[in-house]
$ cat start-v3.pdb   # PDB, C-alpha atoms
ATOM      1  CA  MET W   1      -4.959  19.002  13.009
ATOM      2  CA  ASP W   2      -6.729  22.194  11.946
ATOM      3  CA  THR W   3      -7.706  22.175   8.328
ATOM      4  CA  LEU W   4      -7.406  24.686   5.542
ATOM      5  CA  THR W   5      -6.148  27.931   7.017
ATOM      6  CA  PRO W   6      -2.775  26.681   8.307
ATOM      7  CA  LEU W   7      -2.077  25.095   4.920
ATOM      8  CA  LEU W   8      -1.561  28.594   3.592
ATOM      9  CA  VAL W   9       1.284  29.184   5.997
ATOM     10  CA  SER W  10       4.639  27.750   5.012
ATOM     11  CA  ASP W  11       5.379  26.764   8.613
ATOM     12  CA  SER W  12       2.622  24.225   8.465
ATOM     13  CA  LEU W  13       3.538  22.984   5.016
ATOM     14  CA  PHE W  14       7.075  22.421   6.278
ATOM     15  CA  PRO W  15       6.887  22.027  10.074
ATOM     16  CA  ARG W  16      10.481  20.754  10.142
ATOM     17  CA  GLY W  17      11.726  23.491   7.805
ATOM     18  CA  ILE W  18      13.141  22.740   4.365
ATOM     19  CA  LEU W  19      16.885  22.825   4.992
ATOM     20  CA  PRO W  20      17.438  19.194   6.097
ATOM     21  CA  TYR W  21      15.286  17.967   3.227
ATOM     22  CA  LEU W  22      17.100  20.017   0.610
ATOM     23  CA  ALA W  23      20.577  19.276   2.003
ATOM     24  CA  GLY W  24      19.759  15.560   2.222
ATOM     25  CA  GLY W  25      18.413  15.506  -1.317
ATOM     26  CA  LEU W  26      21.485  17.250  -2.715
ATOM     27  CA  LEU W  27      23.712  14.714  -0.929
ATOM     28  CA  VAL W  28      21.706  11.791  -2.312
ATOM     29  CA  GLY W  29      22.162  13.241  -5.791
ATOM     30  CA  LEU W  30      25.853  13.873  -5.139
ATOM     31  CA  GLY W  31      26.399  10.245  -4.076
ATOM     32  CA  ALA W  32      24.776   9.002  -7.276
ATOM     33  CA  ALA W  33      26.774  11.558  -9.299
ATOM     34  CA  VAL W  34      30.119  10.435  -7.832
ATOM     35  CA  ILE W  35      29.447   6.843  -8.868
ATOM     36  CA  TYR W  36      28.150   7.883 -12.284
ATOM     37  CA  LEU W  37      31.053  10.179 -13.141
ATOM     38  CA  ALA W  38      33.668   7.648 -12.050
ATOM     39  CA  THR W  39      32.103   4.488 -13.470
ATOM     40  CA  GLY W  40      29.207   5.390 -15.781
ATOM     41  CA  ILE W  41      26.940   3.284 -13.556
ATOM     42  CA  ILE W  42      23.480   4.629 -12.785
ATOM     43  CA  ALA W  43      22.914   3.280  -9.309
ATOM     44  CA  GLY W  44      19.584   2.296  -7.819
ATOM     45  CA  ALA W  45      19.012   0.800  -4.407
ATOM     46  CA  SER W  46      16.530  -1.961  -5.142
ATOM     47  CA  THR W  47      18.375  -4.140  -7.681
ATOM     48  CA  PHE W  48      20.490  -5.126  -4.655
ATOM     49  CA  LEU W  49      17.538  -7.236  -3.487
ATOM     50  CA  GLU W  50      17.536  -9.470  -6.565
ATOM     51  CA  SER W  51      21.265  -9.475  -7.240
ATOM     52  CA  THR W  52      21.974 -10.469  -3.624
ATOM     53  CA  LEU W  53      19.472 -13.338  -3.853
ATOM     54  CA  SER W  54      21.693 -14.815  -6.570
ATOM     55  CA  TYR W  55      24.249 -15.687  -3.879
ATOM     56  CA  VAL W  56      21.809 -18.084  -2.231
ATOM     57  CA  SER W  57      19.172 -18.990  -4.807
ATOM     58  CA  SER W  58      19.359 -20.874  -8.071
ATOM     59  CA  VAL W  59      16.176 -19.259  -9.378
ATOM     60  CA  GLU W  60      16.888 -18.317 -12.963
ATOM     61  CA  ARG W  61      15.865 -14.678 -12.765
ATOM     62  CA  PHE W  62      18.341 -13.813 -10.021
ATOM     63  CA  ASN W  63      21.190 -15.448 -11.899
ATOM     64  CA  ARG W  64      20.942 -13.380 -15.030
ATOM     65  CA  PHE W  65      24.323 -12.114 -16.144
ATOM     66  CA  LYS W  66      23.685  -8.483 -15.252
ATOM     67  CA  TYR W  67      22.834  -9.409 -11.655
ATOM     68  CA  VAL W  68      25.634 -11.879 -11.031
ATOM     69  CA  GLN W  69      28.127  -9.504 -12.596
ATOM     70  CA  SER W  70      27.008  -6.528 -10.501
ATOM     71  CA  ARG W  71      26.161  -8.236  -7.214
ATOM     72  CA  ASP W  72      29.497  -7.579  -5.521
ATOM     73  CA  TRP W  73      29.551  -3.844  -6.062
ATOM     74  CA  ARG W  74      25.870  -3.634  -5.135
ATOM     75  CA  VAL W  75      26.714  -5.126  -1.734
ATOM     76  CA  VAL W  76      29.481  -2.522  -1.359
ATOM     77  CA  PHE W  77      27.086   0.267  -2.399
ATOM     78  CA  THR W  78      24.535  -0.874   0.192
ATOM     79  CA  LEU W  79      27.212  -1.113   2.894
ATOM     80  CA  GLY W  80      28.190   2.443   1.988
ATOM     81  CA  ILE W  81      24.582   3.569   2.490
ATOM     82  CA  VAL W  82      24.417   1.877   5.904
ATOM     83  CA  VAL W  83      27.746   3.349   7.052
ATOM     84  CA  GLY W  84      26.984   6.817   5.654
ATOM     85  CA  ALA W  85      23.669   6.902   7.510
ATOM     86  CA  ALA W  86      25.402   5.696  10.671
ATOM     87  CA  VAL W  87      27.997   8.467  10.402
ATOM     88  CA  TRP W  88      25.188  11.004  10.379
ATOM     89  CA  GLY W  89      22.891   9.357  12.937
ATOM     90  CA  LEU W  90      25.511   8.332  15.479
ATOM     91  CA  VAL W  91      28.161  11.051  15.061
ATOM     92  CA  LEU W  92      27.338  14.185  13.057
ATOM     93  CA  ALA W  93      23.631  14.696  13.822
ATOM     94  CA  PRO W  94      22.668  17.503  16.232
ATOM     95  CA  ASP W  95      21.283  14.848  18.586
ATOM     96  CA  PRO W  96      23.451  11.795  17.893
ATOM     97  CA  GLY W  97      22.273   8.385  19.044
ATOM     98  CA  ILE W  98      20.382   5.300  17.996
ATOM     99  CA  TRP W  99      16.933   6.025  16.641
ATOM    100  CA  THR W 100      14.150   3.478  16.252
ATOM    101  CA  THR W 101      10.761   3.711  14.568
ATOM    102  CA  ASP W 102       7.371   3.457  16.243
ATOM    103  CA  VAL W 103       5.695   2.217  13.060
ATOM    104  CA  GLN W 104       4.237  -1.198  13.791
ATOM    105  CA  TRP W 105       6.115  -4.287  12.641
ATOM    106  CA  TRP W 106       3.305  -5.675  10.536
ATOM    107  CA  ARG W 107       3.159  -2.461   8.526
ATOM    108  CA  LEU W 108       6.902  -2.672   7.889
ATOM    109  CA  LEU W 109       6.801  -6.359   6.961
ATOM    110  CA  GLY W 110       3.634  -6.258   4.863
ATOM    111  CA  GLY W 111       4.562  -2.996   3.178
ATOM    112  CA  GLY W 112       8.073  -4.301   2.628
ATOM    113  CA  VAL W 113       6.784  -7.373   0.767
ATOM    114  CA  LEU W 114       4.746  -5.162  -1.581
ATOM    115  CA  VAL W 115       7.707  -2.797  -2.047
ATOM    116  CA  GLY W 116       9.874  -5.794  -2.938
ATOM    117  CA  ILE W 117       7.401  -7.085  -5.512
ATOM    118  CA  GLY W 118       6.550  -3.670  -6.939
ATOM    119  CA  THR W 119      10.051  -2.306  -7.351
ATOM    120  CA  ARG W 120      11.256  -5.391  -9.204
ATOM    121  CA  LEU W 121       8.170  -5.656 -11.408
ATOM    122  CA  GLY W 122       8.232  -1.913 -12.117
ATOM    123  CA  LYS W 123      11.989  -1.837 -12.899
ATOM    124  CA  GLY W 124      13.045   0.502 -10.123
ATOM    125  CA  CYS W 125      12.295   2.347  -6.934
ATOM    126  CA  THR W 126      12.476   5.821  -5.447
ATOM    127  CA  SER W 127      16.189   6.088  -6.249
ATOM    128  CA  GLY W 128      16.325   4.361  -9.639
ATOM    129  CA  HIS W 129      13.140   5.862 -11.106
ATOM    130  CA  GLY W 130      12.576   8.717  -8.662
ATOM    131  CA  VAL W 131      16.057  10.234  -8.697
ATOM    132  CA  CYS W 132      18.038   8.856 -11.646
ATOM    133  CA  GLY W 133      15.108   8.236 -14.002
ATOM    134  CA  VAL W 134      13.521  11.611 -13.327
ATOM    135  CA  GLY W 135      16.989  13.183 -13.676
ATOM    136  CA  SER W 136      17.161  11.526 -17.089
ATOM    137  CA  LEU W 137      13.706  12.880 -17.970
ATOM    138  CA  SER W 138      12.712   9.314 -18.813
ATOM    139  CA  ASN W 139       9.007   9.002 -19.624
ATOM    140  CA  THR W 140       8.980   5.486 -18.210
ATOM    141  CA  SER W 141      10.290   6.766 -14.891
ATOM    142  CA  LEU W 142       7.963   9.773 -14.797
ATOM    143  CA  VAL W 143       4.971   7.465 -15.302
ATOM    144  CA  ASN W 144       6.256   5.062 -12.644
ATOM    145  CA  VAL W 145       6.838   7.862 -10.124
ATOM    146  CA  ALA W 146       3.423   9.431 -10.773
ATOM    147  CA  THR W 147       1.815   6.018 -10.302
ATOM    148  CA  PHE W 148       3.557   5.142  -7.056
ATOM    149  CA  MET W 149       2.975   8.634  -5.626
ATOM    150  CA  VAL W 150      -0.775   8.437  -6.229
ATOM    151  CA  PHE W 151      -1.038   4.939  -4.769
ATOM    152  CA  ALA W 152       1.224   5.715  -1.806
ATOM    153  CA  ILE W 153      -0.696   8.855  -0.866
ATOM    154  CA  GLY W 154      -4.049   7.073  -1.226
ATOM    155  CA  THR W 155      -2.868   4.112   0.824
ATOM    156  CA  ALA W 156      -1.272   6.146   3.609
ATOM    157  CA  GLN W 157      -4.403   8.283   3.951
ATOM    158  CA  LEU W 158      -6.658   5.214   4.033
ATOM    159  CA  VAL W 159      -4.494   3.579   6.697
ATOM    160  CA  GLN W 160      -4.582   6.802   8.717
ATOM    161  CA  ALA W 161      -8.350   7.111   8.263
ATOM    162  CA  ALA W 162      -8.701   3.544   9.520
ATOM    163  CA  GLY W 163      -7.169   4.765  12.762
ATOM    164  CA  VAL W 164      -3.811   2.988  12.507
ATOM    165  CA  SER W 165      -1.093   5.151  14.044
ATOM    166  CA  PRO W 166       1.735   4.962  13.695
TER
ATOM    167  CA  MET E   1      27.415  -2.188 -18.373
ATOM    168  CA  SER E   2      30.864  -2.430 -16.880
ATOM    169  CA  ASP E   3      33.163  -5.119 -15.642
ATOM    170  CA  ASP E   4      33.812  -5.279 -11.955
ATOM    171  CA  ALA E   5      37.227  -4.439 -10.627
ATOM    172  CA  GLN E   6      38.565  -2.907 -13.807
ATOM    173  CA  SER E   7      40.334  -0.470 -11.586
ATOM    174  CA  PRO E   8      41.501  -0.859  -7.983
ATOM    175  CA  LEU E   9      39.531   2.317  -7.322
ATOM    176  CA  PHE E  10      36.249   0.809  -8.537
ATOM    177  CA  LEU E  11      34.922  -0.611  -5.262
ATOM    178  CA  PRO E  12      36.282   2.238  -3.085
ATOM    179  CA  VAL E  13      34.504   4.794  -5.278
ATOM    180  CA  ILE E  14      31.256   2.790  -5.133
ATOM    181  CA  PHE E  15      31.602   2.710  -1.343
ATOM    182  CA  VAL E  16      32.231   6.456  -1.068
ATOM    183  CA  GLY E  17      29.303   7.167  -3.391
ATOM    184  CA  GLY E  18      27.093   4.919  -1.244
ATOM    185  CA  LEU E  19      28.386   6.672   1.876
ATOM    186  CA  VAL E  20      27.358  10.104   0.610
ATOM    187  CA  PHE E  21      24.059   8.676  -0.665
ATOM    188  CA  GLY E  22      23.307   7.132   2.749
ATOM    189  CA  LEU E  23      24.413  10.262   4.598
ATOM    190  CA  GLY E  24      21.941  12.213   2.473
ATOM    191  CA  LEU E  25      19.111   9.774   3.190
ATOM    192  CA  ALA E  26      19.781  10.088   6.922
ATOM    193  CA  VAL E  27      20.051  13.906   6.834
ATOM    194  CA  SER E  28      16.836  14.163   4.797
ATOM    195  CA  GLY E  29      14.748  12.158   7.242
ATOM    196  CA  MET E  30      13.735   9.588   4.619
ATOM    197  CA  ALA E  31      15.340   6.944   6.801
ATOM    198  CA  ARG E  32      12.460   7.554   9.223
ATOM    199  CA  PRO E  33       9.149   6.003   8.121
ATOM    200  CA  GLU E  34       7.339   8.582  10.267
ATOM    201  CA  VAL E  35       8.701  11.424   8.106
ATOM    202  CA  VAL E  36       7.659   9.671   4.894
ATOM    203  CA  LEU E  37       4.177   8.965   6.284
ATOM    204  CA  ASP E  38       3.832  12.639   7.311
ATOM    205  CA  PHE E  39       4.541  13.530   3.688
ATOM    206  CA  LEU E  40       2.050  11.028   2.279
ATOM    207  CA  GLN E  41      -0.570  12.223   4.787
ATOM    208  CA  PHE E  42      -0.014  15.859   3.694
ATOM    209  CA  GLU E  43       1.363  16.905   7.075
ATOM    210  CA  ASP E  44       4.877  17.841   5.924
ATOM    211  CA  PHE E  45       5.760  18.392   2.284
ATOM    212  CA  GLY E  46       9.512  18.492   2.804
ATOM    213  CA  LEU E  47      10.130  15.265   0.882
ATOM    214  CA  VAL E  48       9.491  17.152  -2.341
ATOM    215  CA  PHE E  49      12.857  18.806  -1.758
ATOM    216  CA  VAL E  50      14.615  15.481  -1.207
ATOM    217  CA  MET E  51      13.550  13.924  -4.492
ATOM    218  CA  GLY E  52      13.652  17.257  -6.295
ATOM    219  CA  GLY E  53      17.096  18.210  -4.987
ATOM    220  CA  ALA E  54      18.526  14.794  -5.795
ATOM    221  CA  ALA E  55      16.964  14.678  -9.274
ATOM    222  CA  VAL E  56      18.328  18.133 -10.123
ATOM    223  CA  VAL E  57      21.859  17.058  -9.172
ATOM    224  CA  THR E  58      21.684  13.813 -11.163
ATOM    225  CA  GLY E  59      19.927  15.607 -14.023
ATOM    226  CA  VAL E  60      22.683  18.216 -14.370
ATOM    227  CA  THR E  61      25.360  15.525 -13.985
ATOM    228  CA  PHE E  62      23.810  13.317 -16.678
ATOM    229  CA  ALA E  63      23.326  16.275 -19.030
ATOM    230  CA  VAL E  64      26.907  17.478 -18.687
ATOM    231  CA  ALA E  65      28.504  14.035 -18.839
ATOM    232  CA  THR E  66      26.548  12.741 -21.833
ATOM    233  CA  ARG E  67      27.229  15.955 -23.743
ATOM    234  CA  TYR E  68      30.780  16.924 -22.871
ATOM    235  CA  LEU E  69      32.575  13.951 -21.370
ATOM    236  CA  ASP E  70      33.985  11.036 -23.264
ATOM    237  CA  HIS E  71      33.810   7.967 -21.070
ATOM    238  CA  ALA E  72      33.974   7.029 -17.412
ATOM    239  CA  PRO E  73      37.592   6.906 -16.177
ATOM    240  CA  LEU E  74      37.317   3.749 -14.043
ATOM    241  CA  THR E  75      35.412   1.516 -16.437
ATOM    242  CA  ALA E  76      35.726   3.099 -19.898
ATOM    243  CA  SER E  77      31.922   2.866 -20.095
ATOM    244  CA  GLU E  78      30.120   5.477 -22.130
ATOM    245  CA  TYR E  79      27.898   7.899 -20.249
ATOM    246  CA  THR E  80      24.203   7.220 -20.832
ATOM    247  CA  ARG E  81      20.894   8.281 -19.371
ATOM    248  CA  ARG E  82      18.605   6.040 -17.394
ATOM    249  CA  VAL E  83      15.929   5.255 -19.935
ATOM    250  CA  LYS E  84      14.099   1.968 -19.464
ATOM    251  CA  GLU E  85      11.587   0.464 -21.815
ATOM    252  CA  PHE E  86       7.970   1.181 -21.016
ATOM    253  CA  ASP E  87       5.479  -1.636 -20.596
ATOM    254  CA  ARG E  88       2.471  -2.541 -18.479
ATOM    255  CA  ASN E  89       4.678  -3.767 -15.637
ATOM    256  CA  VAL E  90       6.014  -0.248 -15.084
ATOM    257  CA  VAL E  91       2.516   0.866 -14.061
ATOM    258  CA  VAL E  92       1.462  -2.325 -12.254
ATOM    259  CA  GLY E  93       4.784  -2.473 -10.389
ATOM    260  CA  GLY E  94       4.590   1.225  -9.563
ATOM    261  CA  ALA E  95       1.099   0.757  -8.116
ATOM    262  CA  ILE E  96       2.157  -2.222  -5.962
ATOM    263  CA  PHE E  97       5.277  -0.337  -4.842
ATOM    264  CA  GLY E  98       3.117   2.678  -3.981
ATOM    265  CA  VAL E  99       0.732   0.663  -1.819
ATOM    266  CA  GLY E 100       3.712  -0.893  -0.016
ATOM    267  CA  TRP E 101       5.378   2.494   0.475
ATOM    268  CA  GLY E 102       2.112   3.932   1.769
ATOM    269  CA  VAL E 103       1.626   1.079   4.248
ATOM    270  CA  SER E 104       5.205   1.016   5.557
ATOM    271  CA  GLY E 105       6.631   4.482   4.891
ATOM    272  CA  ILE E 106       9.915   2.977   3.766
ATOM    273  CA  CYS E 107      11.610   2.259   0.428
ATOM    274  CA  PRO E 108      14.740   0.179  -0.255
ATOM    275  CA  GLY E 109      17.548   2.773  -0.073
ATOM    276  CA  ALA E 110      15.950   4.490   2.903
ATOM    277  CA  ALA E 111      15.577   1.115   4.644
ATOM    278  CA  TYR E 112      19.318   0.415   4.403
ATOM    279  CA  ALA E 113      19.984   3.934   5.729
ATOM    280  CA  SER E 114      17.463   3.414   8.502
ATOM    281  CA  PHE E 115      19.346   0.331   9.646
ATOM    282  CA  GLY E 116      22.470   2.506   9.655
ATOM    283  CA  VAL E 117      20.977   4.982  12.128
ATOM    284  CA  GLY E 118      20.401   2.076  14.490
ATOM    285  CA  ASN E 119      16.786   1.373  13.626
ATOM    286  CA  TYR E 120      17.024  -2.425  13.869
ATOM    287  CA  ILE E 121      13.208  -2.635  13.760
ATOM    288  CA  ILE E 122      13.462  -1.789  10.047
ATOM    289  CA  LEU E 123      14.791  -5.318   9.493
ATOM    290  CA  TRP E 124      11.091  -6.314   9.330
ATOM    291  CA  ALA E 125      10.805  -4.156   6.204
ATOM    292  CA  ILE E 126      14.093  -5.338   4.704
ATOM    293  CA  ALA E 127      13.067  -8.962   5.272
ATOM    294  CA  GLY E 128       9.744  -8.166   3.605
ATOM    295  CA  MET E 129      11.505  -6.612   0.605
ATOM    296  CA  PHE E 130      13.661  -9.698   0.117
ATOM    297  CA  LEU E 131      10.575 -11.917   0.426
ATOM    298  CA  GLY E 132       8.714  -9.818  -2.137
ATOM    299  CA  ALA E 133      11.666  -9.707  -4.524
ATOM    300  CA  TYR E 134      12.086 -13.473  -4.153
ATOM    301  CA  ALA E 135       8.392 -14.149  -4.742
ATOM    302  CA  GLN E 136       8.248 -12.135  -7.964
ATOM    303  CA  GLY E 137      11.522 -13.622  -9.218
ATOM    304  CA  TYR E 138      10.311 -17.147  -8.484
ATOM    305  CA  VAL E 139       6.972 -16.629 -10.192
ATOM    306  CA  ARG E 140       8.486 -14.873 -13.210
ATOM    307  CA  SER E 141      11.128 -17.545 -13.663
ATOM    308  CA  ARG E 142       8.384 -20.185 -13.612
ATOM    309  CA  LEU E 143       6.310 -18.220 -16.097
ATOM    310  CA  SER E 144       9.169 -17.538 -18.479
ATOM    311  CA  SER E 145      10.279 -21.185 -18.472
ATOM    312  CA  THR E 146       6.851 -22.081 -19.855
ATOM    313  CA  THR E 147       6.917 -19.298 -22.466
ATOM    314  CA  GLU E 148      10.260 -17.764 -23.325
ATOM    315  CA  GLY E 149      13.331 -16.539 -21.519
ATOM    316  CA  ASN E 150      13.739 -12.929 -20.461
TER
END
$ encode --input "start-v3.pdb" --output "structure tokens"
Amino acid sequence: MDTLTPLLVSDSLFPRGILPYLAGGLLVGLGAAVIYLATGIIAGASTFLESTLSYVSSVERFNRFKYVQSRDWRVVFTLGIVVGAAVWGLVLAPDPGIWTTDVQWWRLLGGGVLVGIGTRLGKGCTSGHGVCGVGSLSNTSLVNVATFMVFAIGTAQLVQAAGVSP
Amino acid sequence: MSDDAQSPLFLPVIFVGGLVFGLGLAVSGMARPEVVLDFLQFEDFGLVFVMGGAAVVTGVTFAVATRYLDHAPLTASEYTRRVKEFDRNVVVGGAIFGVGWGVSGICPGAAYASFGVGNYIILWAIAGMFLGAYAQGYVRSRLSSTTEGN
């Protein structure tokens, strides 16, 4: 927890190295690229939330044509994400096995509610805006990403300063 | 966009794409809220390479496909970029999303991947996301029925 000096050393900027981050990022992009090249679809992860609600809710917004028409493949896309992560975590990882978080449940639930509201109101999330939108050099996405980065960093630092860990 | 099941390969390709996407999220550490919180607390800046690496790959793919390729083989859709209309909600939604991401350390795609690595505790976050998405959809449907459809 030393302050400024270690920040100048790359080891402390990237205590886990950069390779897993870069390799993971390239794979995320590759997954989106495979779907795009084959189908023309620009996939995001959060529309799944609303399109899946159309199976069980008659609320008008969830039953818009573009959700009902895409809800099946969005379920398949999400299943792919779950299975792909499982293949890494349970089989291919250097230390395979089930991993669970220590972050407290109320942070996950409360934060999750805000994520659910924010991503749908803001037309996308870290994958839709952050990866595909930024890849498209869309001004809308760049503004959205800049906004959520600032608020996320501010919030996480406030929560940490309040002594909540993890 | 495109009709479902235009080709028997449509759903398998979506699945494989999701598989690689989820593999990447797991490899990158984004499936772990602790790693995301370390980034937001300035303790590990590695996440820059996740978003950056992914955006470079999609950016090059979009640029090449929109310029040189005709249409997508499985759906006959034209290749486009992801450009959404800008309005106030983009900023308000981004701010709310940011606060939620900062509190929880998890975003939708990473949450699905987190469940995949066996982190069943993340179901709290996924349940929260569905609740939040439902709440905004319910409120907006009520609002638009009193003004105009959207």
$ closest_residue --input "start-v3.pdb" --among "E:Thr66, E:Thr58, E:Ser104, E:Ser77" --to "W:Ala152" --atoms "all atoms listed in the file"
E:Ser104
$ resolve_selection --input "start-v3.pdb" --expression "the PyMOL selection byres ((chain W and resi 105) around 9)" --output "number ranges by chain"
W: 102-104, 106-110; E: 104, 121-122, 124-125
$ resolve_selection --input "start-v3.pdb" --expression "the PyMOL selection byres ((chain E and resi 87-97) around 10)" --output "PyMOL selection string"
(chain W and resi 111-126+129+140-141+143-152) or (chain E and resi 84-86+98-103+107)
$ resolve_selection --input "start-v3.pdb" --expression "the PyMOL selection byres ((chain W and resi 67-76) around 8)" --output "PyMOL selection string"
(chain W and resi 47-48+50-52+54+62-66+77-80) or (chain E and resi 3-4+11+14-15+18)
$ atom_distance --input "start-v3.pdb" --atom1 "atom CA of W:Val159" --atom2 "atom CA of W:Gly128"
26.5 Å
$ closest_residue --input "start-v3.pdb" --among "E:Val64, E:Leu9, E:Met129, E:Ala54" --to "E:Ile106" --atoms "only C-alpha atoms"
E:Met129
$ axis_aligned_box --input "start-v3.pdb" --around "stretch 93-96 of chain W" --padding-each-side "4 Å" --output "AutoDock Vina command-line options"
--center_x 22.5 --center_y 14.6 --center_z 16.2 --size_x 10.3 --size_y 13.7 --size_z 12.8
$ atom_distance --input "start-v3.pdb" --atom1 "atom CA of W:Val131" --atom2 "atom CA of W:Leu37"
15.6 Å
$ atom_distance --input "start-v3.pdb" --atom1 "atom CA of E:Val83" --atom2 "atom CA of E:His71"
18.1 Å
$ residues_around --input "start-v3.pdb" --residues "E:Met30" --least-positions-apart "6" --cutoff "9 Å" --atoms "all atoms listed in the file" --output "ChimeraX atom specification"
/W:21,24 /E:24,36,47,50,105-107,110-111,113-114
$ closest_residue --input "start-v3.pdb" --among "W:Val91, W:Ala161, W:Ile153, W:Val56" --to "chain E" --atoms "all atoms listed in the file"
W:Ile153
$ residues_near_point --input "start-v3.pdb" --point "(12.8, 16.9, -11.7)" --cutoff "7 Å" --atoms "all atoms listed in the file" --output "MDAnalysis selection string"
(chainID W and resid 134:135) or (chainID E and resid 52 55:56)
$ closest_residue --input "start-v3.pdb" --among "W:Ser58, W:Thr100, W:Asn139, W:Gln160" --to "chain E" --atoms "all atoms listed in the file"
W:Thr100
$ residues_around --input "start-v3.pdb" --residues "E:Phe39" --least-positions-apart "4" --cutoff "10 Å" --atoms "all atoms listed in the file" --output "list of chain:residue names"
W:Leu13, W:Phe14, W:Ile153, W:Ala156, E:Pro33, E:Glu34, E:Val35, E:Glu43, E:Asp44, E:Phe45, E:Gly46, E:Leu47, E:Val48, E:Gly105
$ closest_residue --input "start-v3.pdb" --among "E:Gly116, E:Leu23, E:Val139, E:Pro108" --to "W:Ser46" --atoms "all atoms listed in the file"
E:Pro108
$ build_atoms --input "start-v3.pdb" --residues "stretch 139-154 of chain W" --atoms "N, CA and C atoms" --output "PDB file, in the coordinates of the input"
ATOM      1  N   ASN W 139      10.464   9.086 -19.734  1.00  0.00           N
ATOM      2  CA  ASN W 139       9.007   9.002 -19.624  1.00  0.00           C
ATOM      3  C   ASN W 139       8.584   7.801 -18.798  1.00  0.00           C
ATOM      4  N   THR W 140       9.287   6.686 -18.986  1.00  0.00           N
ATOM      5  CA  THR W 140       8.980   5.486 -18.210  1.00  0.00           C
ATOM      6  C   THR W 140       9.054   5.780 -16.721  1.00  0.00           C
ATOM      7  N   SER W 141      10.118   6.470 -16.308  1.00  0.00           N
ATOM      8  CA  SER W 141      10.290   6.766 -14.891  1.00  0.00           C
ATOM      9  C   SER W 141       9.253   7.768 -14.396  1.00  0.00           C
ATOM     10  N   LEU W 142       8.947   8.779 -15.219  1.00  0.00           N
ATOM     11  CA  LEU W 142       7.963   9.773 -14.797  1.00  0.00           C
ATOM     12  C   LEU W 142       6.602   9.113 -14.584  1.00  0.00           C
ATOM     13  N   VAL W 143       6.243   8.176 -15.462  1.00  0.00           N
ATOM     14  CA  VAL W 143       4.971   7.465 -15.302  1.00  0.00           C
ATOM     15  C   VAL W 143       5.007   6.606 -14.038  1.00  0.00           C
ATOM     16  N   ASN W 144       6.128   5.911 -13.827  1.00  0.00           N
ATOM     17  CA  ASN W 144       6.256   5.062 -12.644  1.00  0.00           C
ATOM     18  C   ASN W 144       6.148   5.885 -11.366  1.00  0.00           C
ATOM     19  N   VAL W 145       6.840   7.023 -11.325  1.00  0.00           N
ATOM     20  CA  VAL W 145       6.838   7.862 -10.124  1.00  0.00           C
ATOM     21  C   VAL W 145       5.440   8.428  -9.877  1.00  0.00           C
ATOM     22  N   ALA W 146       4.782   8.904 -10.937  1.00  0.00           N
ATOM     23  CA  ALA W 146       3.423   9.431 -10.773  1.00  0.00           C
ATOM     24  C   ALA W 146       2.498   8.346 -10.232  1.00  0.00           C
ATOM     25  N   THR W 147       2.666   7.124 -10.752  1.00  0.00           N
ATOM     26  CA  THR W 147       1.815   6.018 -10.302  1.00  0.00           C
ATOM     27  C   THR W 147       2.060   5.702  -8.834  1.00  0.00           C
ATOM     28  N   PHE W 148       3.346   5.549  -8.453  1.00  0.00           N
ATOM     29  CA  PHE W 148       3.557   5.142  -7.056  1.00  0.00           C
ATOM     30  C   PHE W 148       3.213   6.259  -6.075  1.00  0.00           C
ATOM     31  N   MET W 149       3.367   7.519  -6.502  1.00  0.00           N
ATOM     32  CA  MET W 149       2.975   8.634  -5.626  1.00  0.00           C
ATOM     33  C   MET W 149       1.478   8.600  -5.341  1.00  0.00           C
ATOM     34  N   VAL W 150       0.685   8.455  -6.400  1.00  0.00           N
ATOM     35  CA  VAL W 150      -0.775   8.437  -6.229  1.00  0.00           C
ATOM     36  C   VAL W 150      -1.196   7.291  -5.314  1.00  0.00           C
ATOM     37  N   PHE W 151      -0.643   6.095  -5.578  1.00  0.00           N
ATOM     38  CA  PHE W 151      -1.038   4.939  -4.769  1.00  0.00           C
ATOM     39  C   PHE W 151      -0.518   5.036  -3.335  1.00  0.00           C
ATOM     40  N   ALA W 152       0.665   5.591  -3.159  1.00  0.00           N
ATOM     41  CA  ALA W 152       1.224   5.715  -1.806  1.00  0.00           C
ATOM     42  C   ALA W 152       0.418   6.710  -0.981  1.00  0.00           C
ATOM     43  N   ILE W 153       0.082   7.845  -1.590  1.00  0.00           N
ATOM     44  CA  ILE W 153      -0.696   8.855  -0.866  1.00  0.00           C
ATOM     45  C   ILE W 153      -2.074   8.297  -0.514  1.00  0.00           C
ATOM     46  N   GLY W 154      -2.730   7.663  -1.483  1.00  0.00           N
ATOM     47  CA  GLY W 154      -4.049   7.073  -1.226  1.00  0.00           C
ATOM     48  C   GLY W 154      -3.993   6.041  -0.111  1.00  0.00           C
TER      49      GLY W 154
END
